[in-house]
Each structure stands twice: as structure tokens, then as C-alpha cells.
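Each remark here refers to the structure printed beneath this line.
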Amino acid sequence: MSLLGAVLKWFISKDAAGQLANDWQEQAGPPITPGVKTQILTQFRPINQDEYNEDRLKASKWGAGEPTTEYFYDVLNLCRRLIPHMAEANKLRCLWRGLKPTVIEKLWSLKPTTCDGFLEEVKRLQELTSRSKELALGVLGKPTLPAKEDRIDRLEHMMEELLGSMATRTTGNPPQQGWRTNNTNEIVDDNP
């Protein structure tokens with residue numbers, strides 16, 4: 001275990017004061033002192049960490065491009081941080097809260113009763129959604145935009161039609177209310 005900065009200074013002061021456990025245990029890895037991790041986390045944890053975690057949990061939403069598992073484990077991790085032994089029903093409530101209404105509508109009839117069941121159903125839904133998009137693209141083909149020259153030609157043609165209809169309107173049709181024509185058949189606005 002490697003400690004740096006304020007954590008190292010804290011560890012040295014606690015060790016010097018005899019406030020750390022004396023027995024070192026060998027496990028798969030470096031020697032550890034039981035309870036040191038808890039003491040370190042308690043000592044260097046922000047004062048308002050619980051409120052911060054609660055706010056993050058309430059605000060967590062499943063993003064459009066976010067993988068299912070990432071959302072799922074983010075919410076479960078926040079639940080664990082907030083209440084280490086939170087009931088399964090409360091975890092599920094937090095998971096449901098962050099879903100989009102369209103996803104809730106599709107999952108509601110399945111009513112998963114465990115977090116693992118919830119994850120499986122959401123994965124299945126996400127897979128179906130991605131497959132349906134692939135099938136739609138396969139059937140309809142990829143939408144292609146017309147070439148730049150074709151778009152310019154279409155715009156020019158539309159402009160010619162528009163100008164042609166305006167020319168017809170000025171020479172052949174009587175002016176609208178508030179407009180009059182002068183002696184050269186140009187339309188003049190009476191309301192400047």
C-alpha cells in the first residue's frame with residue numbers, strides 16, 4: 001500500500017499516537033492493517049458527501065448514448081455509498097426513477113423484482129431497440145442526400161419558378177390592398 005500527501009501524514013500521526021491496529025496480516029497482496037481503509041475513508045471523506053451522493057442519485061438519468069450497464073452500476077454504486085445495506089426494493093425504485101418514460105412504458109409490464117432481473121430486462125430492451133434500428137436501415141436503406149450540384153439545380157429551378165410567378169403577378173394581376181402600380185406596372189407599397 002502506498003500513501004501520499006495528507007493521507008500519509010494522517011497515517012504517520014495515527015500510528016505514532018498508537019491509534020492504529022498493531023497486528024499486520026498477510027493476504028493476497030501487500031500487508032494491511034485491519035480497519036485502516038475504513039479509517040482513511042472516514043478521515044478524508046467530505047463532510048457533505050451523503051447529501052452530494054443523495055443529490056446525484058436523485059438526479060441520475062439514463063443518457064441516450066449511455067450503455068445500460070454503466071447507468072445500472074452507477075446507480076447501484078450511489079445506493080451503496082448512501083446506504084450500504086439498502087433494500088433491493090429501494091435500489092429498484094432508484095433505478096426506475098432514472099429511466100425515460102418510453103423505456104418505463106416498455107418495461108413496466110415485465111416488472112422485474114430484483115436488480116439483476118432489472119438489468120437483464122433493460123439489456124434485452126436495448127438490444128431489441130438497436131436491432132430494430134438495424135432492420136429498419138436494412139429495409140429502407142440508408143437515407144442519402146442528393147449531390148450538391150443536384151441541390152443547387154433544384155434551388156435555381158425553384159428560384160426561377162418563384163421569380164416567374166412574381167413577374168406574372170405584377171403584370172397580370174391587380175395589386176393587393178395597400179399596394180398600387182405606377183405607370184410602368186411596378187408595384188409600390190402605399191404603407192411605408
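FYI, nothing fancy with the C-alpha cells labels: chains A, B, ... in order, residues from 1 per chain, ligands from 1 as they appear.
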
Close residues, segment 65-78 of chain A itself excluded, 9 Å, only C-alpha atoms, min 5 positions apart in chain, as number ranges by chain: A: 53-54, 56-57, 60, 83, 91, 94-95, 98, 115, 118-119, 122-123, 126

Which of A:Glu121, A:Lys100, A:Gly164, A:Ser109 sits closest to Ala64 of chain A [using only C-alpha atoms]: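 Ranked by minimum distance to Ala64 of chain A, first place goes to A:Lys100.
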
Alpha helix (DSSP H) per DSSP on the backbone: members of segment 12-128 of chain A, as a PyMOL selection string: chain A and resi 12-16+36-43+49-59+68-82+88-97+101-107+115-128

Option closest in space to Lys61 of chain A, from A:Pro101, A:Gly35, A:Pro112, A:Gly117 [counting only C-alpha atoms]: A:Pro101

12 Å contact set for segment 41-49 of chain A, only C-alpha atoms, chain neighbours under 6 positions out, as a list in words: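 In the requested form, the answer reads Gly5, Ala6, Val7, Leu8, Lys9, Trp10, Phe11, Lys14, Gly35, Asp55, Arg56, Leu78, Arg81 and Leu82 of chain A.
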